[in-house]
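Have a look at target.txt; it's compact mmCIF, C-alpha atoms:
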# COMPACT_ATOMS: atom_id res chain seq x y z
CA MET A 1 112.75 109.46 103.25
CA GLU A 2 115.53 109.16 100.68
CA LYS A 3 115.41 108.13 97.04
CA SER A 4 115.97 104.47 96.21
CA ILE A 5 119.32 103.18 95.00
CA TRP A 6 117.84 102.60 91.54
CA LYS A 7 117.68 106.35 90.97
CA GLU A 8 121.38 106.66 91.81
CA PHE A 9 122.42 104.37 88.97
CA SER A 10 119.98 105.39 86.23
CA GLU A 11 119.80 107.82 83.35
CA LYS A 12 116.62 108.27 81.37
CA LYS A 13 115.46 109.88 78.19
CA ASN A 14 112.99 112.71 78.72
CA PHE A 15 109.70 112.68 76.83
CA GLU A 16 107.70 115.74 75.89
CA LYS A 17 104.36 116.76 77.34
CA LEU A 18 101.30 116.28 75.16
CA ASN A 19 99.81 119.67 74.33
CA ASP A 20 97.32 118.78 71.62
CA ASN A 21 94.59 116.33 70.74
CA LEU A 22 95.56 112.85 69.59
CA GLU A 23 94.06 109.61 68.26
CA CYS A 24 95.39 106.06 68.67
CA ASP A 25 94.39 102.42 68.65
CA VAL A 26 95.38 101.81 72.27
CA LEU A 27 95.98 104.36 75.01
CA VAL A 28 98.00 103.17 78.00
CA ILE A 29 97.71 105.39 81.08
CA GLY A 30 100.64 105.00 83.48
CA GLY A 31 104.37 104.77 82.85
CA GLY A 32 105.37 102.23 85.45
CA MET A 33 106.38 98.63 84.76
CA ALA A 34 102.83 97.44 84.03
CA GLY A 35 102.14 100.23 81.56
CA ILE A 36 105.47 99.97 79.75
CA LEU A 37 105.24 96.18 79.34
CA THR A 38 101.63 96.33 78.15
CA ALA A 39 102.45 99.05 75.61
CA TYR A 40 105.50 97.12 74.39
CA TYR A 41 103.66 93.86 73.75
CA LEU A 42 100.71 95.58 72.06
CA GLN A 43 103.02 97.58 69.83
CA LYS A 44 104.91 94.41 68.97
CA VAL A 45 101.76 92.87 67.50
CA GLY A 46 101.15 95.91 65.34
CA ARG A 47 98.86 98.13 67.39
CA ASN A 48 99.24 101.92 67.32
CA VAL A 49 99.95 102.54 71.01
CA VAL A 50 100.38 105.80 72.91
CA LEU A 51 101.45 105.84 76.58
CA VAL A 52 100.90 108.86 78.83
CA GLU A 53 102.40 109.38 82.28
CA ALA A 54 101.29 112.02 84.78
CA HIS A 55 104.84 112.71 85.93
CA THR A 56 107.88 110.89 84.53
CA ILE A 57 108.07 107.23 83.60
CA GLY A 58 109.23 104.91 86.37
CA SER A 59 108.97 107.64 89.01
CA GLY A 60 106.25 105.97 91.04
CA MET A 61 106.22 102.49 92.55
CA THR A 62 108.64 101.05 89.99
CA ALA A 63 111.38 103.37 91.28
CA ASN A 64 110.95 102.06 94.82
CA THR A 65 110.52 98.33 94.31
CA THR A 66 113.11 95.80 95.41
CA ALA A 67 112.84 94.43 91.84
CA VAL A 68 112.52 90.75 92.72
CA ILE A 69 110.98 88.66 89.93
CA THR A 70 109.50 85.50 91.41
CA ALA A 71 106.39 83.36 91.58
CA GLN A 72 107.01 82.85 95.31
CA HIS A 73 105.02 85.51 97.10
CA ASP A 74 104.15 86.24 100.70
CA THR A 75 100.80 84.46 100.47
CA MET A 76 101.56 80.75 100.72
CA TYR A 77 100.08 78.46 98.11
CA LYS A 78 98.65 76.11 100.72
CA ASP A 79 96.60 79.04 102.02
CA MET A 80 95.60 80.08 98.51
CA ILE A 81 94.33 76.55 97.83
CA ALA A 82 92.33 76.62 101.09
CA ASN A 83 90.91 80.11 100.53
CA ASN A 84 90.49 80.30 96.76
CA GLY A 85 90.51 76.73 95.50
CA PHE A 86 93.03 74.48 93.75
CA ASP A 87 92.41 75.81 90.23
CA VAL A 88 92.86 79.46 91.23
CA ALA A 89 96.08 78.68 93.11
CA LYS A 90 97.41 76.74 90.13
CA ASP A 91 96.56 79.53 87.70
CA TYR A 92 98.19 82.10 89.96
CA LEU A 93 101.35 80.02 90.27
CA TYR A 94 101.77 79.29 86.58
CA ALA A 95 100.86 82.81 85.45
CA ASN A 96 103.67 84.11 87.65
CA LEU A 97 106.11 81.39 86.59
CA GLN A 98 105.38 82.37 83.00
CA ALA A 99 106.04 86.00 83.94
CA VAL A 100 109.52 85.10 85.21
CA GLU A 101 110.30 83.31 81.95
CA ASN A 102 108.95 86.25 79.94
CA PHE A 103 111.35 88.62 81.70
CA LYS A 104 114.26 86.28 80.96
CA GLN A 105 113.31 86.08 77.30
CA LEU A 106 112.71 89.80 76.95
CA VAL A 107 116.09 90.74 78.44
CA GLU A 108 117.78 88.29 76.08
CA ASP A 109 115.82 89.23 72.95
CA GLU A 110 116.21 92.98 73.40
CA GLN A 111 119.77 92.74 74.81
CA ILE A 112 118.87 94.94 77.78
CA ASP A 113 121.72 95.86 80.15
CA CYS A 114 119.86 95.90 83.47
CA ASP A 115 121.96 93.79 85.87
CA PHE A 116 119.62 90.87 85.32
CA GLU A 117 120.45 87.80 87.41
CA ILE A 118 118.98 84.33 87.66
CA THR A 119 118.74 83.50 91.36
CA PRO A 120 116.71 81.28 93.68
CA SER A 121 114.03 82.69 95.94
CA TYR A 122 113.24 81.47 99.44
CA LEU A 123 110.30 81.67 101.83
CA TYR A 124 111.69 81.03 105.31
CA SER A 125 110.20 80.39 108.74
CA HIS A 126 111.69 80.84 112.19
CA LYS A 127 109.33 78.58 114.12
CA HIS A 128 107.09 76.53 111.84
CA SER A 129 107.94 73.81 109.38
CA LEU A 130 107.06 74.72 105.81
CA GLU A 131 106.74 71.11 104.74
CA ASP A 132 103.00 71.56 104.07
CA GLU A 133 103.79 74.41 101.67
CA VAL A 134 106.17 72.19 99.71
CA LYS A 135 103.53 69.44 99.58
CA ALA A 136 100.97 71.94 98.29
CA LEU A 137 103.34 73.10 95.57
CA HIS A 138 104.05 69.50 94.56
CA LYS A 139 100.31 68.93 94.19
CA LEU A 140 100.18 72.00 91.97
CA GLY A 141 102.89 70.44 89.82
CA TYR A 142 105.83 72.61 90.87
CA GLU A 143 108.97 70.97 92.30
CA ALA A 144 109.75 73.30 95.19
CA GLU A 145 112.45 72.20 97.61
CA LEU A 146 112.53 72.24 101.41
CA VAL A 147 115.92 73.40 102.72
CA GLN A 148 117.40 74.06 106.15
CA ASP A 149 120.35 76.33 105.37
CA ILE A 150 120.16 79.84 103.89
CA ASP A 151 122.55 82.80 103.66
CA LEU A 152 120.99 84.90 106.42
CA PRO A 153 122.53 85.72 109.82
CA PHE A 154 119.97 83.97 112.01
CA GLU A 155 118.64 80.47 112.56
CA ILE A 156 115.51 79.27 110.81
CA LYS A 157 113.31 76.21 111.03
CA ASN A 158 113.43 75.66 107.26
CA ALA A 159 112.69 77.37 103.94
CA VAL A 160 110.94 76.70 100.65
CA LYS A 161 113.21 77.16 97.63
CA PHE A 162 112.08 78.21 94.14
CA LYS A 163 114.98 77.76 91.74
CA ASP A 164 115.73 79.95 88.73
CA MET A 165 113.81 83.07 89.74
CA ALA A 166 115.36 86.48 89.01
CA GLN A 167 116.23 90.03 90.05
CA PHE A 168 117.31 93.13 88.13
CA HIS A 169 117.67 96.90 88.07
CA PRO A 170 114.09 98.03 87.35
CA LEU A 171 114.81 101.49 85.99
CA LYS A 172 117.60 100.38 83.65
CA PHE A 173 115.16 97.84 82.25
CA LEU A 174 112.24 100.28 82.09
CA TYR A 175 114.20 103.07 80.41
CA ALA A 176 115.55 100.70 77.77
CA MET A 177 112.04 99.44 77.01
CA ALA A 178 110.63 102.97 76.89
CA GLU A 179 112.91 104.03 74.06
CA LYS A 180 110.93 101.74 71.76
CA LEU A 181 107.56 103.39 72.56
CA THR A 182 105.55 106.55 71.89
CA ILE A 183 105.39 108.25 75.30
CA TYR A 184 104.22 111.59 76.66
CA GLU A 185 105.24 112.62 80.18
CA HIS A 186 103.65 115.24 82.46
CA THR A 187 100.30 114.38 80.90
CA MET A 188 97.79 113.50 83.63
CA VAL A 189 94.55 111.96 82.43
CA LYS A 190 91.74 113.09 84.74
CA LYS A 191 88.64 111.79 83.00
CA ILE A 192 87.64 108.99 80.63
CA ASP A 193 84.36 109.13 78.75
CA ASP A 194 83.10 107.58 75.51
CA HIS A 195 86.47 106.37 74.16
CA THR A 196 88.10 109.70 75.01
CA ALA A 197 90.63 110.51 77.72
CA TYR A 198 90.81 114.12 78.90
CA PHE A 199 93.85 115.93 80.27
CA ASP A 200 94.67 119.60 80.84
CA GLY A 201 95.23 120.96 77.36
CA GLY A 202 93.53 118.36 75.20
CA ASN A 203 92.12 114.88 74.76
CA ILE A 204 93.05 111.50 73.32
CA LYS A 205 90.55 109.47 71.33
CA PHE A 206 91.16 105.73 71.52
CA LYS A 207 89.69 102.44 70.41
CA GLN A 208 90.87 100.69 73.56
CA ALA A 209 92.56 101.89 76.75
CA VAL A 210 94.49 100.36 79.63
CA VAL A 211 94.64 102.11 83.01
CA ALA A 212 97.91 101.13 84.69
CA SER A 213 98.13 104.13 87.01
CA HIS A 214 98.82 102.15 90.22
CA PHE A 215 95.47 102.92 91.90
CA PRO A 216 92.59 103.35 89.39
CA PHE A 217 91.38 106.95 89.39
CA VAL A 218 87.85 106.70 87.90
CA ASN A 219 85.74 106.09 91.00
CA LYS A 220 82.31 105.41 89.52
CA HIS A 221 83.49 102.28 87.72
CA GLY A 222 84.98 99.13 89.21
CA MET A 223 84.52 100.06 92.90
CA PHE A 224 88.26 99.77 93.43
CA PHE A 225 88.12 102.27 96.31
CA ILE A 226 86.44 99.59 98.45
CA LYS A 227 88.19 96.58 96.88
CA MET A 228 91.71 97.79 97.73
CA TYR A 229 93.75 99.70 100.24
CA GLN A 230 97.35 100.89 100.06
CA ALA A 231 100.18 99.76 102.31
CA ARG A 232 103.67 101.15 102.85
CA SER A 233 106.86 99.18 103.36
CA TYR A 234 110.48 100.25 103.88
CA VAL A 235 113.83 99.19 102.47
CA MET A 236 117.34 99.79 103.77
CA ALA A 237 120.46 99.44 101.60
CA ILE A 238 123.59 98.62 103.61
CA GLU A 239 127.27 98.37 102.69
CA ASN A 240 129.89 95.96 104.06
CA ALA A 241 127.38 93.24 104.90
CA ASP A 242 127.99 89.60 104.02
CA ALA A 243 126.66 88.88 100.55
CA ILE A 244 123.67 86.57 100.18
CA GLY A 245 122.70 84.29 97.32
CA GLY A 246 119.05 84.50 96.41
CA THR A 247 116.06 86.55 97.51
CA TYR A 248 114.27 85.93 100.80
CA ILE A 249 110.90 86.58 102.42
CA ASP A 250 109.68 85.72 105.91
CA ASP A 251 106.50 83.67 106.32
CA ARG A 252 105.35 86.18 108.96
CA GLU A 253 103.64 89.40 107.92
CA GLU A 254 105.87 91.35 110.32
CA GLY A 255 109.06 89.70 109.03
CA PHE A 256 111.96 90.96 106.92
CA TYR A 257 112.83 90.39 103.27
CA PHE A 258 116.22 90.49 101.54
CA ARG A 259 118.08 90.65 98.24
CA GLN A 260 121.57 91.53 97.05
CA TYR A 261 122.41 94.26 94.55
CA GLY A 262 126.11 94.37 93.75
CA ASP A 263 127.89 95.05 97.03
CA LEU A 264 124.70 96.29 98.69
CA LEU A 265 122.38 94.21 100.84
CA LEU A 266 118.76 95.33 100.66
CA VAL A 267 116.70 94.62 103.78
CA GLY A 268 112.97 95.32 103.73
CA LYS A 269 110.29 95.57 106.38
CA GLY A 270 106.57 96.17 106.23
CA GLU A 271 103.84 96.54 105.58
CA HIS A 272 101.33 98.86 107.25
CA ARG A 273 98.24 100.60 105.95
CA THR A 274 99.05 104.04 104.59
CA GLY A 275 98.16 106.72 107.10
CA MET A 276 98.71 104.47 110.13
CA LYS A 277 101.62 104.56 112.53
CA THR A 278 104.53 102.16 112.11
CA ARG A 279 107.62 100.96 113.94
CA ALA A 280 109.12 99.46 110.80
CA ILE A 281 111.85 102.06 110.34
CA ASN A 282 113.13 101.72 113.90
CA GLU A 283 112.93 97.93 113.61
CA LEU A 284 115.00 98.00 110.43
CA LYS A 285 117.67 100.09 112.14
CA ALA A 286 117.66 97.79 115.16
CA PHE A 287 117.96 94.75 112.88
CA LYS A 288 121.03 96.22 111.20
CA GLU A 289 122.68 96.99 114.54
CA ARG A 290 122.02 93.48 115.81
CA TYR A 291 123.06 91.44 112.78
CA TYR A 292 125.26 93.81 110.78
CA PRO A 293 126.83 96.12 113.38
CA ASP A 294 129.86 96.90 111.20
CA ALA A 295 127.80 97.64 108.10
CA LYS A 296 126.98 101.16 106.97
CA MET A 297 123.52 102.29 105.92
CA ARG A 298 123.68 103.70 102.39
CA CYS A 299 120.08 104.86 102.17
CA MET A 300 116.50 104.03 103.16
CA TRP A 301 113.32 104.48 101.18
CA ALA A 302 109.64 103.54 101.18
CA ASN A 303 107.28 101.98 98.68
CA GLN A 304 103.51 101.78 98.51
CA ASP A 305 101.43 98.89 97.21
CA CYS A 306 97.78 98.28 96.41
CA ILE A 307 96.41 95.36 98.44
CA THR A 308 93.37 93.49 97.13
CA LEU A 309 90.69 91.62 99.04
CA ASP A 310 92.07 88.16 98.22
CA ASP A 311 95.77 88.84 97.46
CA ILE A 312 95.23 88.41 93.72
CA PRO A 313 95.60 91.36 91.30
CA TYR A 314 92.70 92.84 89.35
CA ILE A 315 93.39 92.55 85.62
CA GLY A 316 90.64 93.00 83.04
CA GLU A 317 87.58 95.17 82.38
CA TYR A 318 87.42 98.53 84.13
CA GLY A 319 83.87 98.36 85.44
CA ASN A 320 81.33 99.04 82.70
CA MET A 321 83.43 101.38 80.58
CA PRO A 322 83.44 99.95 77.04
CA ASP A 323 86.91 98.95 75.80
CA VAL A 324 88.67 100.22 78.93
CA TYR A 325 90.82 97.80 80.93
CA VAL A 326 92.78 97.99 84.16
CA ALA A 327 95.79 96.42 85.85
CA THR A 328 96.15 97.02 89.58
CA GLY A 329 96.49 95.44 93.02
CA PHE A 330 99.85 93.72 92.76
CA ASN A 331 100.11 93.14 96.54
CA LEU A 332 103.88 93.90 96.94
CA TRP A 333 104.76 91.83 93.84
CA GLY A 334 104.71 94.46 91.14
CA MET A 335 107.32 92.99 88.83
CA SER A 336 105.72 89.61 88.19
CA GLY A 337 102.27 91.20 88.47
CA SER A 338 103.14 93.72 85.77
CA MET A 339 104.19 90.98 83.38
CA VAL A 340 101.09 88.88 84.15
CA SER A 341 99.01 91.97 83.37
CA ALA A 342 100.80 92.61 80.10
CA ASN A 343 100.30 88.99 79.00
CA ILE A 344 96.60 88.90 79.85
CA LEU A 345 95.74 92.35 78.49
CA CYS A 346 97.70 92.01 75.26
CA GLU A 347 95.77 88.87 74.35
CA LYS A 348 92.48 90.29 75.57
CA LEU A 349 92.82 93.51 73.56
CA CYS A 350 93.71 91.45 70.50
CA GLY A 351 90.50 89.42 70.78
CA MET A 352 92.08 86.28 72.22
CA GLU A 353 91.31 84.46 75.47
CA ASN A 354 94.10 84.14 78.00
CA ILE A 355 93.98 80.93 80.04
CA TYR A 356 94.56 82.87 83.28
CA GLU A 357 92.21 85.82 82.79
CA LYS A 358 89.35 84.36 84.85
CA THR A 359 91.54 84.02 87.95
CA PHE A 360 92.62 87.68 87.73
CA ALA A 361 89.27 89.08 86.54
CA THR A 362 88.15 92.36 88.06
CA LYS A 363 84.58 91.15 88.54
CA ARG A 364 84.99 88.42 91.13
CA CYS A 365 83.55 87.85 94.59
CA ILE A 366 84.16 90.79 96.91
CA PHE A 367 82.69 89.32 100.09
CA LYS A 368 85.97 88.83 101.90
CA PRO A 369 86.88 89.92 105.46
CA GLN A 370 89.11 92.67 104.09
CA LEU A 371 86.13 94.31 102.41
CA PHE A 372 84.56 95.11 105.78
CA ALA A 373 87.88 96.36 107.15
CA ASN A 374 88.12 98.73 104.17
CA LEU A 375 84.55 99.94 104.64
CA GLY A 376 85.11 100.44 108.35
CA MET A 377 88.28 102.46 107.76
CA ALA A 378 86.52 104.63 105.19
CA LEU A 379 83.58 105.31 107.51
CA LEU A 380 85.89 106.11 110.43
CA ASN A 381 87.89 108.60 108.39
CA MET A 382 84.82 110.17 106.79
CA VAL A 383 83.53 111.20 110.23
CA TYR A 384 86.95 111.92 111.77
CA PRO A 385 86.98 115.61 112.84
CA SER A 386 89.62 117.28 110.69
CA VAL A 387 89.66 120.24 108.35
CA LYS A 388 92.34 118.56 106.22
CA ARG A 389 90.45 116.28 103.84
CA CYS A 390 91.64 114.22 100.90
CA PRO A 391 90.35 115.59 97.57
CA HIS A 392 89.80 112.01 96.35
CA LEU A 393 86.68 111.10 98.39
CA GLY A 394 86.89 113.42 101.38
CA CYS A 395 88.56 111.21 103.99
CA ALA A 396 90.57 112.79 106.81
CA LEU A 397 94.28 113.33 106.18
CA LYS A 398 96.74 112.47 108.93
CA TYR A 399 100.22 113.87 109.36
CA ASN A 400 103.07 111.39 108.86
CA LYS A 401 105.89 112.60 111.12
CA LEU A 402 108.41 110.10 109.78
CA GLU A 403 108.02 111.09 106.15
CA HIS A 404 106.72 114.66 106.62
CA SER A 405 103.61 114.09 104.55
CA TRP A 406 99.83 114.13 104.83
CA ASP A 407 98.42 110.64 104.24
CA CYS A 408 94.95 109.21 103.64
CA SER A 409 94.17 105.94 105.45
CA CYS A 410 91.14 105.22 103.27
CA HIS A 411 92.69 104.88 99.84
CA GLY A 412 96.34 105.83 100.22
CA SER A 413 96.66 109.25 98.61
CA ARG A 414 99.63 111.18 99.99
CA PHE A 415 100.66 114.84 99.90
CA GLU A 416 103.78 116.80 100.72
CA GLU A 417 103.65 119.28 103.61
CA ASN A 418 102.83 122.04 101.13
CA GLY A 419 99.96 120.00 99.68
CA LYS A 420 101.63 118.79 96.48
CA LEU A 421 100.28 115.38 95.43
CA ILE A 422 102.68 112.44 95.94
CA ASN A 423 100.55 109.31 95.47
CA ASN A 424 97.17 108.73 93.78
CA PRO A 425 94.21 108.00 93.56
CA ALA A 426 93.76 111.74 94.23
CA LEU A 427 94.20 113.71 91.01
CA LYS A 428 95.13 117.14 92.32
CA ASP A 429 97.15 118.93 94.95
CA LYS A 430 95.56 119.74 98.30
CA SER A 431 95.50 123.20 99.82
CA LEU A 432 97.03 122.79 103.29

Conversion result in structure tokens:
Amino acid sequence: MEKSIWKEFSEKKNFEKLNDNLECDVLVIGGGMAGILTAYYLQKVGRNVVLVEAHTIGSGMTANTTAVITAQHDTMYKDMIANNGFDVAKDYLYANLQAVENFKQLVEDEQIDCDFEITPSYLYSHKHSLEDEVKALHKLGYEAELVQDIDLPFEIKNAVKFKDMAQFHPLKFLYAMAEKLTIYEHTMVKKIDDHTAYFDGGNIKFKQAVVASHFPFVNKHGMFFIKMYQARSYVMAIENADAIGGTYIDDREEGFYFRQYGDLLLVGKGEHRTGMKTRAINELKAFKERYYPDAKMRCMWANQDCITLDDIPYIGEYGNMPDVYVATGFNLWGMSGSMVSANILCEKLCGMENIYEKTFATKRCIFKPQLFANLGMALLNMVYPSVKRCPHLGCALKYNKLEHSWDCSCHGSRFEENGKLINNPALKDKSL
């Protein structure tokens, strides 16, 4: 699988590795979008913040996102009202709408050159009317619009339009923000205990800490290894395709999603549980040949997302660890989720109450159907006969022929063919 287009157009400053002990007010673990934004806002209010990244900043999920900033996600609000209640759906909507506005303001205030564009977003359906979704949004107080015509090469029944959403180049944004922060790269925290984070070569004493490492790595707190799984999705960038205005997602889980970047059309497909077989790549290629036969594929890449039990991120206390907080489970919507996290955690760490924190709290009901699917998958892979086991919790690793990697279906850790760690929650390479 190739690198994303964002890496083609980006240059970053390198940060040194931490080789000594350190003390700070707030330690942020993880140099993706969530970590960088959280560190920025905390530093802005006068906190002494240090951010550490196991590899290089932006090299994980942020580098592979489609970088759509919207409050319109793949879970429809009418379903969220039915499953989680009106107040939760309203909080989720307005927290994400605020996140979009925060990105707009931040780009303007800091004068960040990151190809930022205001654009509408659309949720479209091939067969079913989305009128009920528009009615649900109106009840929540948001004036969504039902439209029949969109800039895609196939017929639809209709679509729900959110105006004034956004898109950008995530790494240009991230690298610009990072220059304002104290950052150490190649510094992997492996243990947190009694206001101290330990890494190879030293430790960091903190008053408060935020774990924004994609999948939380401390297993004995928070129970995130049963409250989430990881899913992979795939994106193709093609040249010479008709340009589209806006960003688009299908109302079907197996559907496609789209956005424009310059003269490139990005077409996405997913998602499937990490470690399971997929036809998504072949379906993406077939889609291009059917609808864009004269277009040329520039590159294709994959991303991996943490999926929660109820499609709402976990933002707040990290189990029972005093003064340690977490941001995870963005369910394919990492850009808005990262900003929601930064808003909630900045206020929380400063002793204030955020109006949305209850909806995103880490300690909420876990008795959802997905919980039992996660437990079943873990049990199946614990007893699966294989000598290749994940060093995270011992699940069987399965070979991914498409991406030439060893993947864990339980919690989503991935390894190169030689055993080098690609994706957490595992914390070390695997001897293969």

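Of the listed residues (A:Lys401, A:Lys269, A:Arg252, A:Arg389), A:Lys269 comes nearest to A:Lys285; the distances count all atoms listed in the file.
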
**Report entry** Selected residue, from A:Ser431, A:Asn331, A:Asn64, A:Asn320, that lies nearest to A:Glu271 when counting only C-alpha atoms
**Finding:** A:Asn331

Requested in this report: Name the residues in contact with A:Phe15 at a cut-off of 9 Å, using all atoms listed in the file, excluding same-chain residues fewer than 4 positions from it; report them as a PyMOL selection string.
Outcome: chain A and resi 56-57+182-186

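Every protein or nucleic acid residue with an atom no more than 10 Å from A:Thr362, counting only C-alpha atoms and leaving out same-chain residues fewer than 3 positions away, appears here: A:Gly222, A:Met223, A:Phe224, A:Lys227, A:Ile312, A:Pro313, A:Tyr314, A:Ile315, A:Gly316, A:Glu317, A:Tyr318, A:Gly319, A:Tyr325, A:Val326, A:Ala327, A:Thr328, A:Glu357, A:Lys358, A:Thr359, A:Cys365, A:Ile366.
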
Deliver the residues from the most recent selection as a file, using C-alpha atoms, as an mmCIF file, in the coordinates of the input.
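out-v5.cif was written with the following content:
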data_model
loop_
_atom_site.group_PDB
_atom_site.id
_atom_site.type_symbol
_atom_site.label_atom_id
_atom_site.label_comp_id
_atom_site.auth_asym_id
_atom_site.auth_seq_id
_atom_site.Cartn_x
_atom_site.Cartn_y
_atom_site.Cartn_z
ATOM 1 C CA GLY A 222 84.980 99.130 89.210
ATOM 2 C CA MET A 223 84.520 100.060 92.900
ATOM 3 C CA PHE A 224 88.260 99.770 93.430
ATOM 4 C CA LYS A 227 88.190 96.580 96.880
ATOM 5 C CA ILE A 312 95.230 88.410 93.720
ATOM 6 C CA PRO A 313 95.600 91.360 91.300
ATOM 7 C CA TYR A 314 92.700 92.840 89.350
ATOM 8 C CA ILE A 315 93.390 92.550 85.620
ATOM 9 C CA GLY A 316 90.640 93.000 83.040
ATOM 10 C CA GLU A 317 87.580 95.170 82.380
ATOM 11 C CA TYR A 318 87.420 98.530 84.130
ATOM 12 C CA GLY A 319 83.870 98.360 85.440
ATOM 13 C CA TYR A 325 90.820 97.800 80.930
ATOM 14 C CA VAL A 326 92.780 97.990 84.160
ATOM 15 C CA ALA A 327 95.790 96.420 85.850
ATOM 16 C CA THR A 328 96.150 97.020 89.580
ATOM 17 C CA GLU A 357 92.210 85.820 82.790
ATOM 18 C CA LYS A 358 89.350 84.360 84.850
ATOM 19 C CA THR A 359 91.540 84.020 87.950
ATOM 20 C CA CYS A 365 83.550 87.850 94.590
ATOM 21 C CA ILE A 366 84.160 90.790 96.910
#

Report task. Please identify all polymer residues within 7 Å of stretch 165-167 of chain A, counting all atoms listed in the file, omitting same-chain residues fewer than 4 positions from it, and present them as a VMD selection string. Result -> chain A and resid 67 to 70 100 116 to 121

Requested in this report: Find, counting only C-alpha atoms, the residue in A:Val49, A:Met177, A:Leu171, A:Met382 that gets nearest to A:Asp115.
Outcome: A:Leu171

Quick one: residues within 12 Å of A:Gly270, only C-alpha atoms counted, chain neighbours fewer than 4 positions away excluded, as a PDB file with C-alpha atoms, keeping the file's coordinate frame?
ATOM      1  CA  ASP A  74     104.150  86.240 100.700  1.00  0.00           C
ATOM      2  CA  ALA A 231     100.180  99.760 102.310  1.00  0.00           C
ATOM      3  CA  ARG A 232     103.670 101.150 102.850  1.00  0.00           C
ATOM      4  CA  SER A 233     106.860  99.180 103.360  1.00  0.00           C
ATOM      5  CA  TYR A 234     110.480 100.250 103.880  1.00  0.00           C
ATOM      6  CA  VAL A 235     113.830  99.190 102.470  1.00  0.00           C
ATOM      7  CA  MET A 236     117.340  99.790 103.770  1.00  0.00           C
ATOM      8  CA  ILE A 249     110.900  86.580 102.420  1.00  0.00           C
ATOM      9  CA  ASP A 250     109.680  85.720 105.910  1.00  0.00           C
ATOM     10  CA  ARG A 252     105.350  86.180 108.960  1.00  0.00           C
ATOM     11  CA  GLU A 253     103.640  89.400 107.920  1.00  0.00           C
ATOM     12  CA  GLU A 254     105.870  91.350 110.320  1.00  0.00           C
ATOM     13  CA  GLY A 255     109.060  89.700 109.030  1.00  0.00           C
ATOM     14  CA  PHE A 256     111.960  90.960 106.920  1.00  0.00           C
ATOM     15  CA  TYR A 257     112.830  90.390 103.270  1.00  0.00           C
ATOM     16  CA  THR A 274      99.050 104.040 104.590  1.00  0.00           C
ATOM     17  CA  LYS A 277     101.620 104.560 112.530  1.00  0.00           C
ATOM     18  CA  THR A 278     104.530 102.160 112.110  1.00  0.00           C
ATOM     19  CA  ARG A 279     107.620 100.960 113.940  1.00  0.00           C
ATOM     20  CA  ALA A 280     109.120  99.460 110.800  1.00  0.00           C
ATOM     21  CA  ILE A 281     111.850 102.060 110.340  1.00  0.00           C
ATOM     22  CA  ASN A 282     113.130 101.720 113.900  1.00  0.00           C
ATOM     23  CA  GLU A 283     112.930  97.930 113.610  1.00  0.00           C
ATOM     24  CA  LEU A 284     115.000  98.000 110.430  1.00  0.00           C
ATOM     25  CA  TRP A 301     113.320 104.480 101.180  1.00  0.00           C
ATOM     26  CA  ALA A 302     109.640 103.540 101.180  1.00  0.00           C
ATOM     27  CA  ASN A 303     107.280 101.980  98.680  1.00  0.00           C
ATOM     28  CA  GLN A 304     103.510 101.780  98.510  1.00  0.00           C
ATOM     29  CA  ASP A 305     101.430  98.890  97.210  1.00  0.00           C
ATOM     30  CA  LEU A 332     103.880  93.900  96.940  1.00  0.00           C
TER      31      LEU A 332
END

Query raised in the report: When you draw a straight line from atom CA of A:Arg273 to atom CA of A:Leu380, how long is it in Å?
Result: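 The value is 14.2 Å.
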
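Proximity of A:Tyr124, A:Tyr198, A:Phe360, A:Phe86 to A:Ile156, computed with all atoms listed in the file, is greatest for A:Tyr124.
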
Query - Residue with smallest distance to A:Phe258 - pool A:Thr66, A:Ser59, A:Asn19, A:Ser10, counting all atoms listed in the file - result: A:Thr66

Report task. Write out as a PyMOL selection string the residues lying within 12 Å of A:Ala378, counting only C-alpha atoms and excluding same-chain residues fewer than 6 positions away. Result -> chain A and resi 225-229+275+371-372+384+390+392-397+408-412

Go ahead and write the selection's residues with C-alpha atoms as a JSON list (two decimals), in the frame of the given file.
[["chain", "number", "residue", "atom", "x", "y", "z"],
["A", 225, "PHE", "CA", 88.12, 102.27, 96.31],
["A", 226, "ILE", "CA", 86.44, 99.59, 98.45],
["A", 227, "LYS", "CA", 88.19, 96.58, 96.88],
["A", 228, "MET", "CA", 91.71, 97.79, 97.73],
["A", 229, "TYR", "CA", 93.75, 99.70, 100.24],
["A", 275, "GLY", "CA", 98.16, 106.72, 107.10],
["A", 371, "LEU", "CA", 86.13, 94.31, 102.41],
["A", 372, "PHE", "CA", 84.56, 95.11, 105.78],
["A", 384, "TYR", "CA", 86.95, 111.92, 111.77],
["A", 390, "CYS", "CA", 91.64, 114.22, 100.90],
["A", 392, "HIS", "CA", 89.80, 112.01, 96.35],
["A", 393, "LEU", "CA", 86.68, 111.10, 98.39],
["A", 394, "GLY", "CA", 86.89, 113.42, 101.38],
["A", 395, "CYS", "CA", 88.56, 111.21, 103.99],
["A", 396, "ALA", "CA", 90.57, 112.79, 106.81],
["A", 397, "LEU", "CA", 94.28, 113.33, 106.18],
["A", 408, "CYS", "CA", 94.95, 109.21, 103.64],
["A", 409, "SER", "CA", 94.17, 105.94, 105.45],
["A", 410, "CYS", "CA", 91.14, 105.22, 103.27],
["A", 411, "HIS", "CA", 92.69, 104.88, 99.84],
["A", 412, "GLY", "CA", 96.34, 105.83, 100.22]]

Report task. Between atom CA of A:Asp323 and atom CA of A:Ala209, measure the distance and give it in Å to one decimal. Result ->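 Interatomic distance, atom CA of A:Asp323 to atom CA of A:Ala209: 6.4 Å.
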